[in-house]
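**Q** Structure incoming, see below.
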Amino acid sequence: MEGNMPHQVVRPVTERVSKDGLVIPIIDFAPFLNGTPADKHAVAMSIVEAFKSSGFLYLKDHGIPPSMTLRVFRASASFFSRPQDQKDTLGWTTPQANRGYVRTGREKLTRVDDDHSQQDDRRAKNPDMKESMEIGREGAEGLPNQWPDHLDDAGKEFKETMLEFFGMCKELHVRVMQAIALGMNLPVHFFDEYVDKGDNNLRLLHYPAVHKDVFKNNPGKVRAAEHSDYGSVTLLFQDRRGGLQARSPEGTFVDVTPFPDTVVINAGDLLARWSNDTIKSTKHRVIEPPKVVGEDDDESDTYPERYSVAYFCNPNTDKFIEAIPGTYGEGEDISKAKYPGITAGDYLVERLSATY
């Protein structure tokens, strides 16, 4: 009878980007959220496999409605269209806070293997061509967000939208970390106590339209320089223009093509360190957006503007991070781990101090 038929485990991987040895799968997260234990395990293994091989994946059916993402992009575009002097009053202050507006040219993303002289040289010669708005956990003592709610009704709506979205992304982060735990043969709630505060960073990004000569006359000029992310994982919501590229094992850059209603998730440096480098934090960059077929004038002398929304996930700032059990060889001797333990907050401040 039908009721006695065995359950068929879902196959969560449906499509992928594959080039030059870099494979980025599209993984259906619904079976992890609502499926059987076997379904959850299949999704978890797919996620960990992707993080071990490429450090990147696309997640669909992740629980954040497309209508919410659309609201966020519209609110972001409205914010960046404000007069420059208004945005400057909401300016970014310190690495400890990591909240507020960052004008074009201030930031230069860095790599974990850069020394300080390289960081300073990169920033001086080729600052990133973007502006951003950084939003942290609301209510953190002494670290207020720089909201525009005192400016007008649109500012109030902006705050409301971003707080709602922040909460949704925080919940997705918890779920993804549960999947990683299960895929690494750890208790499913292993990471819960590390991520329950939501010490994360919501970054709204605007890459303004740029004259083509900027790139033609400045070889190596990019929207955002090659870098790796700093925390545990990043949730990236792209617009349809694209521009994101990940470095392949062959040293080439591969387009991380936007797929509708998916979120790009990549592992960060702290998760790689936490996993004793069994998980990869892959370097990536943002170049000038390619033209949208049928929309852009081929004779245009400018590259179009681009928007994206990144939610940088981190462990709670007070948590001590050291190699996860099972990642550092036989005997479980922590001295065999590649990296010494470090408090999550100290690590992130160290990386942010080199960025601005």
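Ordering of the structure tokens sets the chain letters (A, B, ...), residue numbers begin anew at 1 in every chain, and ligands are numbered from 1 in the order given.
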Going by DSSP on the backbone, which residues of region 49-216 of chain A come out as alpha helix (DSSP H)? List them as an MDAnalysis selection string.

**A** chainID A and resid 49:53 66:80 84:88 116:125 153:183 192:195 212:216

**Q** For Val349 (chain A), please output as a JSON list (two decimals) with all heavy atoms, in the first residue's frame all residues within 8 Å (counting only C-alpha atoms; exclusion window: fewer than 3 positions along the same chain).

**A**
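Result saved to out-v6.json:
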[["chain", "number", "residue", "atom", "x", "y", "z"],
["A", 95, "PRO", "N", 35.79, 50.60, 14.04],
["A", 95, "PRO", "CA", 35.68, 49.16, 13.79],
["A", 95, "PRO", "C", 34.86, 48.44, 14.86],
["A", 95, "PRO", "O", 34.19, 47.45, 14.58],
["A", 95, "PRO", "CB", 37.13, 48.68, 13.80],
["A", 95, "PRO", "CG", 37.94, 49.88, 13.49],
["A", 95, "PRO", "CD", 37.19, 51.03, 14.11],
["A", 96, "GLN", "N", 34.91, 48.95, 16.09],
["A", 96, "GLN", "CA", 34.14, 48.32, 17.17],
["A", 96, "GLN", "C", 32.64, 48.43, 16.90],
["A", 96, "GLN", "O", 31.89, 47.50, 17.15],
["A", 96, "GLN", "CB", 34.49, 48.95, 18.52],
["A", 96, "GLN", "CG", 35.89, 48.62, 19.04],
["A", 96, "GLN", "CD", 36.99, 49.40, 18.33],
["A", 96, "GLN", "OE1", 36.74, 50.39, 17.64],
["A", 96, "GLN", "NE2", 38.22, 48.94, 18.50],
["A", 345, "GLY", "N", 35.08, 38.76, 18.54],
["A", 345, "GLY", "CA", 35.09, 40.22, 18.45],
["A", 345, "GLY", "C", 36.47, 40.77, 18.17],
["A", 345, "GLY", "O", 36.64, 41.70, 17.37],
["A", 346, "ASP", "N", 37.49, 40.21, 18.82],
["A", 346, "ASP", "CA", 38.86, 40.68, 18.60],
["A", 346, "ASP", "C", 39.29, 40.43, 17.16],
["A", 346, "ASP", "O", 39.95, 41.26, 16.53],
["A", 346, "ASP", "CB", 39.82, 39.98, 19.56],
["A", 346, "ASP", "CG", 39.64, 40.42, 21.00],
["A", 346, "ASP", "OD1", 39.03, 41.49, 21.22],
["A", 346, "ASP", "OD2", 40.10, 39.69, 21.91],
["A", 352, "LEU", "N", 38.64, 44.58, 10.47],
["A", 352, "LEU", "CA", 38.01, 45.84, 10.07],
["A", 352, "LEU", "C", 38.98, 47.02, 10.17],
["A", 352, "LEU", "O", 38.90, 47.95, 9.38],
["A", 352, "LEU", "CB", 36.78, 46.09, 10.94],
["A", 352, "LEU", "CG", 35.56, 45.20, 10.61],
["A", 352, "LEU", "CD1", 34.54, 45.29, 11.74],
["A", 352, "LEU", "CD2", 34.94, 45.60, 9.28],
["A", 353, "SER", "N", 39.87, 46.98, 11.15],
["A", 353, "SER", "CA", 40.85, 48.06, 11.31],
["A", 353, "SER", "C", 41.76, 48.16, 10.10],
["A", 353, "SER", "O", 42.24, 49.25, 9.76],
["A", 353, "SER", "CB", 41.68, 47.83, 12.58],
["A", 353, "SER", "OG", 40.86, 47.88, 13.74]]

**Q** Show me, as CSV, the residues of region 226-254 of chain A having an atom within 10 Å of region 52-56 of chain A, each with the closest atom pair and its distance in Å, using only C-alpha atoms.

**A**
residue,atom,partner,partner_atom,distance
A:Val233,CA,A:Gly55,CA,9.5
A:Thr234,CA,A:Phe56,CA,9.7
A:Ala246,CA,A:Phe56,CA,8.4
A:Arg247,CA,A:Ser54,CA,9.2
A:Ser248,CA,A:Ser54,CA,8.0
A:Pro249,CA,A:Ser54,CA,8.5

**Q** Could the residues in this selection be written to a file with all heavy atoms, as a PDB file, in the first residue's frame?

**A**
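Ended up saving to result_17.pdb:
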ATOM      1  N   VAL A 233      29.751  33.039   7.803  1.00  0.00           N
ATOM      2  CA  VAL A 233      29.232  32.951   6.434  1.00  0.00           C
ATOM      3  C   VAL A 233      28.662  34.310   6.053  1.00  0.00           C
ATOM      4  O   VAL A 233      28.376  35.149   6.909  1.00  0.00           O
ATOM      5  CB  VAL A 233      28.140  31.863   6.277  1.00  0.00           C
ATOM      6  CG1 VAL A 233      28.683  30.480   6.596  1.00  0.00           C
ATOM      7  CG2 VAL A 233      26.905  32.177   7.115  1.00  0.00           C
ATOM      8  N   THR A 234      28.506  34.508   4.758  1.00  0.00           N
ATOM      9  CA  THR A 234      27.871  35.714   4.223  1.00  0.00           C
ATOM     10  C   THR A 234      26.650  35.310   3.412  1.00  0.00           C
ATOM     11  O   THR A 234      26.723  34.381   2.612  1.00  0.00           O
ATOM     12  CB  THR A 234      28.841  36.502   3.322  1.00  0.00           C
ATOM     13  OG1 THR A 234      29.979  36.902   4.079  1.00  0.00           O
ATOM     14  CG2 THR A 234      28.163  37.739   2.741  1.00  0.00           C
ATOM     15  N   ALA A 246      34.151  34.739  -8.334  1.00  0.00           N
ATOM     16  CA  ALA A 246      34.908  33.970  -7.353  1.00  0.00           C
ATOM     17  C   ALA A 246      36.147  33.398  -8.027  1.00  0.00           C
ATOM     18  O   ALA A 246      36.116  33.018  -9.205  1.00  0.00           O
ATOM     19  CB  ALA A 246      34.058  32.847  -6.779  1.00  0.00           C
ATOM     20  N   ARG A 247      37.235  33.327  -7.268  1.00  0.00           N
ATOM     21  CA  ARG A 247      38.486  32.797  -7.815  1.00  0.00           C
ATOM     22  C   ARG A 247      38.427  31.277  -7.874  1.00  0.00           C
ATOM     23  O   ARG A 247      38.103  30.618  -6.882  1.00  0.00           O
ATOM     24  CB  ARG A 247      39.680  33.250  -6.973  1.00  0.00           C
ATOM     25  CG  ARG A 247      41.023  32.748  -7.516  1.00  0.00           C
ATOM     26  CD  ARG A 247      42.196  33.275  -6.714  1.00  0.00           C
ATOM     27  NE  ARG A 247      42.525  34.646  -7.039  1.00  0.00           N
ATOM     28  CZ  ARG A 247      43.265  35.023  -8.083  1.00  0.00           C
ATOM     29  NH1 ARG A 247      43.709  34.117  -8.935  1.00  0.00           N
ATOM     30  NH2 ARG A 247      43.535  36.293  -8.288  1.00  0.00           N
ATOM     31  N   SER A 248      38.764  30.722  -9.021  1.00  0.00           N
ATOM     32  CA  SER A 248      38.733  29.282  -9.228  1.00  0.00           C
ATOM     33  C   SER A 248      40.049  28.646  -8.793  1.00  0.00           C
ATOM     34  O   SER A 248      41.055  29.350  -8.597  1.00  0.00           O
ATOM     35  CB  SER A 248      38.493  28.967 -10.708  1.00  0.00           C
ATOM     36  OG  SER A 248      39.680  29.179 -11.465  1.00  0.00           O
ATOM     37  N   PRO A 249      40.095  27.311  -8.662  1.00  0.00           N
ATOM     38  CA  PRO A 249      41.356  26.637  -8.354  1.00  0.00           C
ATOM     39  C   PRO A 249      42.440  26.873  -9.392  1.00  0.00           C
ATOM     40  O   PRO A 249      43.628  26.740  -9.101  1.00  0.00           O
ATOM     41  CB  PRO A 249      40.951  25.155  -8.313  1.00  0.00           C
ATOM     42  CG  PRO A 249      39.508  25.163  -7.950  1.00  0.00           C
ATOM     43  CD  PRO A 249      38.951  26.373  -8.644  1.00  0.00           C
TER      44      PRO A 249
END

**Q** Separation of CA of Cys169 (chain A) and CA of Pro31 (chain A), in Å?

**A** 18.4 Å

**Q** Point out the residue among A:Ala75, A:Ala140, A:Leu244, A:Ile26 with the least atom-to-atom distance to Glu160 (chain A), counting only C-alpha atoms.

**A** A:Ala75

**Q** Near Lys19 (chain A), within 10 Å and counting only C-alpha atoms, which residues show up once chain neighbours fewer than 6 positions away are dropped, as a list in words?

**A**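 Neighbouring residues, sequence-local ones excluded: Ser248, Pro249, Glu250, Thr252, Phe253, Val254 and Asp255 of chain A.
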
**Q** Give the answer as one residue: which of A:Trp147, A:Phe32, A:Phe190, A:Phe51 has the shortest atom-to-atom distance to Lys87 (chain A), using only C-alpha atoms?

**A** A:Trp147

**Q** Fewer than 3 positions away in the same chain doesn't count, so skip those; otherwise give me all residues within 7 Å of Ser228 (chain A), counting only C-alpha atoms, as a list in words.

**A**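 These residues fall inside the cut-off: Arg111, Gly268, Asp269, Ser281, Thr282, Lys283 and His284 of chain A.
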
**Q** What lies within 9 Å of Asn145 (chain A) using only C-alpha atoms, ignoring chain neighbours under 6 positions off, as an NGL selection string?

**A** :A and (90 or 97-100 or 134-139)

**Q** Those same residues, written as an mmCIF file, in the first residue's frame with C-alpha atoms?

**A**
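The result, written out as result03.cif:
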data_model
loop_
_atom_site.group_PDB
_atom_site.id
_atom_site.type_symbol
_atom_site.label_atom_id
_atom_site.label_comp_id
_atom_site.auth_asym_id
_atom_site.auth_seq_id
_atom_site.Cartn_x
_atom_site.Cartn_y
_atom_site.Cartn_z
ATOM 1 C CA LEU A 90 25.171 59.132 9.360
ATOM 2 C CA ALA A 97 30.795 49.778 16.109
ATOM 3 C CA ASN A 98 30.962 49.012 12.369
ATOM 4 C CA ARG A 99 27.744 50.940 11.831
ATOM 5 C CA GLY A 100 26.860 53.829 9.567
ATOM 6 C CA GLU A 134 26.363 49.312 7.639
ATOM 7 C CA ILE A 135 23.717 48.119 10.110
ATOM 8 C CA GLY A 136 24.490 46.066 13.200
ATOM 9 C CA ARG A 137 22.488 44.374 15.916
ATOM 10 C CA GLU A 138 20.012 46.852 17.347
ATOM 11 C CA GLY A 139 20.357 47.557 21.057
#

**Q** Residues within 10 Å of Lys212 (chain A), please, as a list in words. Count only C-alpha atoms; anything in the same chain fewer than 2 positions from it doesn't count.

**A**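 Answer for this query is Ala209, Val210, Val214, Phe215, Lys216, Asn217, Glu288, Ser300, Asp301, Thr302, Tyr303 and Pro304 of chain A.
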
**Q** Store the residues of this selection in a file with C-alpha atoms, as a tab-separated table (two decimals), in the first residue's frame.

**A**
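Listed below is the output, result_11.tsv:
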chain	number	residue	atom	x	y	z
A	209	ALA	CA	27.37	54.16	-12.72
A	210	VAL	CA	30.94	54.49	-14.00
A	214	VAL	CA	37.70	54.50	-15.78
A	215	PHE	CA	38.25	50.80	-16.37
A	216	LYS	CA	39.88	51.21	-19.79
A	217	ASN	CA	42.52	53.63	-18.51
A	288	GLU	CA	31.94	46.32	-13.70
A	300	SER	CA	26.50	53.68	-23.91
A	301	ASP	CA	29.73	55.15	-22.58
A	302	THR	CA	29.02	54.11	-18.99
A	303	TYR	CA	28.65	50.91	-17.05
A	304	PRO	CA	25.32	50.84	-15.18

**Q** Apply DSSP to the backbone of this structure and, from region 31-264 of chain A, keep only the residues in strand (DSSP E); write these as a PyMOL selection string.

**A** chain A and resi 56-60+100-102+131-136+201-207+210-211+224-227+233-238+244-247+253-255+262-264

**Q** Using the selection just defined, write its residues with C-alpha atoms as a PDB file, in the first residue's frame.

**A**
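Result saved to part-v6.pdb:
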ATOM      1  CA  PHE A  56      30.272  29.042  -2.327  1.00  0.00           C
ATOM      2  CA  LEU A  57      26.696  27.888  -2.899  1.00  0.00           C
ATOM      3  CA  TYR A  58      23.305  29.211  -3.904  1.00  0.00           C
ATOM      4  CA  LEU A  59      20.403  28.575  -1.525  1.00  0.00           C
ATOM      5  CA  LYS A  60      16.800  28.535  -2.720  1.00  0.00           C
ATOM      6  CA  GLY A 100      26.860  53.829   9.567  1.00  0.00           C
ATOM      7  CA  TYR A 101      27.368  55.227   6.072  1.00  0.00           C
ATOM      8  CA  VAL A 102      30.649  54.734   4.161  1.00  0.00           C
ATOM      9  CA  GLU A 131      29.270  53.322  -1.106  1.00  0.00           C
ATOM     10  CA  SER A 132      27.622  51.370   1.679  1.00  0.00           C
ATOM     11  CA  MET A 133      25.388  51.549   4.723  1.00  0.00           C
ATOM     12  CA  GLU A 134      26.363  49.312   7.639  1.00  0.00           C
ATOM     13  CA  ILE A 135      23.717  48.119  10.110  1.00  0.00           C
ATOM     14  CA  GLY A 136      24.490  46.066  13.200  1.00  0.00           C
ATOM     15  CA  ASN A 201      26.334  43.136   9.984  1.00  0.00           C
ATOM     16  CA  LEU A 202      23.804  44.072   7.305  1.00  0.00           C
ATOM     17  CA  ARG A 203      25.539  45.936   4.506  1.00  0.00           C
ATOM     18  CA  LEU A 204      23.636  47.770   1.781  1.00  0.00           C
ATOM     19  CA  LEU A 205      25.854  48.341  -1.240  1.00  0.00           C
ATOM     20  CA  HIS A 206      25.568  50.765  -4.131  1.00  0.00           C
ATOM     21  CA  TYR A 207      28.027  50.708  -7.012  1.00  0.00           C
ATOM     22  CA  VAL A 210      30.941  54.489 -14.001  1.00  0.00           C
ATOM     23  CA  HIS A 211      32.321  55.829 -17.262  1.00  0.00           C
ATOM     24  CA  ALA A 224      35.338  45.818  -5.064  1.00  0.00           C
ATOM     25  CA  ALA A 225      38.839  44.392  -4.831  1.00  0.00           C
ATOM     26  CA  GLU A 226      39.681  40.722  -4.496  1.00  0.00           C
ATOM     27  CA  HIS A 227      39.091  39.742  -0.898  1.00  0.00           C
ATOM     28  CA  VAL A 233      29.232  32.951   6.434  1.00  0.00           C
ATOM     29  CA  THR A 234      27.871  35.714   4.223  1.00  0.00           C
ATOM     30  CA  LEU A 235      24.344  35.850   2.819  1.00  0.00           C
ATOM     31  CA  LEU A 236      24.434  37.827  -0.426  1.00  0.00           C
ATOM     32  CA  PHE A 237      21.351  39.079  -2.261  1.00  0.00           C
ATOM     33  CA  GLN A 238      22.238  40.253  -5.787  1.00  0.00           C
ATOM     34  CA  LEU A 244      30.394  39.104  -8.515  1.00  0.00           C
ATOM     35  CA  GLN A 245      33.239  36.739  -9.391  1.00  0.00           C
ATOM     36  CA  ALA A 246      34.908  33.970  -7.353  1.00  0.00           C
ATOM     37  CA  ARG A 247      38.486  32.797  -7.815  1.00  0.00           C
ATOM     38  CA  PHE A 253      37.681  34.468 -11.897  1.00  0.00           C
ATOM     39  CA  VAL A 254      34.304  32.827 -12.510  1.00  0.00           C
ATOM     40  CA  ASP A 255      31.013  34.748 -12.689  1.00  0.00           C
ATOM     41  CA  THR A 262      18.303  32.545  -4.420  1.00  0.00           C
ATOM     42  CA  VAL A 263      20.783  33.835  -1.893  1.00  0.00           C
ATOM     43  CA  VAL A 264      24.504  33.322  -2.484  1.00  0.00           C
TER      44      VAL A 264
END

**Q** Find the residues near Val13 (chain A): any atom within 7 Å, counting only C-alpha atoms, skip ones fewer than 6 places away on the same chain, and give them as a PyMOL selection string.

**A** chain A and resi 25-28

**Q** Output the selection as a PDB file, in the first residue's frame - all heavy atoms for each residue.

**A**
ATOM      1  N   PRO A  25      26.962  24.911  -6.407  1.00  0.00           N
ATOM      2  CA  PRO A  25      25.646  24.285  -6.577  1.00  0.00           C
ATOM      3  C   PRO A  25      24.512  25.188  -6.123  1.00  0.00           C
ATOM      4  O   PRO A  25      24.709  26.117  -5.325  1.00  0.00           O
ATOM      5  CB  PRO A  25      25.739  23.056  -5.668  1.00  0.00           C
ATOM      6  CG  PRO A  25      26.642  23.507  -4.558  1.00  0.00           C
ATOM      7  CD  PRO A  25      27.659  24.422  -5.211  1.00  0.00           C
ATOM      8  N   ILE A  26      23.327  24.925  -6.651  1.00  0.00           N
ATOM      9  CA  ILE A  26      22.096  25.503  -6.123  1.00  0.00           C
ATOM     10  C   ILE A  26      21.453  24.441  -5.231  1.00  0.00           C
ATOM     11  O   ILE A  26      21.152  23.337  -5.692  1.00  0.00           O
ATOM     12  CB  ILE A  26      21.132  25.911  -7.239  1.00  0.00           C
ATOM     13  CG1 ILE A  26      21.757  26.997  -8.112  1.00  0.00           C
ATOM     14  CG2 ILE A  26      19.811  26.407  -6.652  1.00  0.00           C
ATOM     15  CD1 ILE A  26      20.872  27.449  -9.257  1.00  0.00           C
ATOM     16  N   ILE A  27      21.273  24.770  -3.971  1.00  0.00           N
ATOM     17  CA  ILE A  27      20.780  23.807  -2.984  1.00  0.00           C
ATOM     18  C   ILE A  27      19.406  24.234  -2.483  1.00  0.00           C
ATOM     19  O   ILE A  27      19.215  25.386  -2.081  1.00  0.00           O
ATOM     20  CB  ILE A  27      21.765  23.668  -1.800  1.00  0.00           C
ATOM     21  CG1 ILE A  27      23.122  23.140  -2.313  1.00  0.00           C
ATOM     22  CG2 ILE A  27      21.204  22.754  -0.723  1.00  0.00           C
ATOM     23  CD1 ILE A  27      24.201  23.068  -1.257  1.00  0.00           C
ATOM     24  N   ASP A  28      18.463  23.324  -2.523  1.00  0.00           N
ATOM     25  CA  ASP A  28      17.109  23.566  -2.027  1.00  0.00           C
ATOM     26  C   ASP A  28      17.115  23.386  -0.517  1.00  0.00           C
ATOM     27  O   ASP A  28      17.390  22.291   0.002  1.00  0.00           O
ATOM     28  CB  ASP A  28      16.146  22.569  -2.688  1.00  0.00           C
ATOM     29  CG  ASP A  28      14.688  22.831  -2.334  1.00  0.00           C
ATOM     30  OD1 ASP A  28      14.423  23.682  -1.455  1.00  0.00           O
ATOM     31  OD2 ASP A  28      13.818  22.180  -2.927  1.00  0.00           O
TER      32      ASP A  28
END
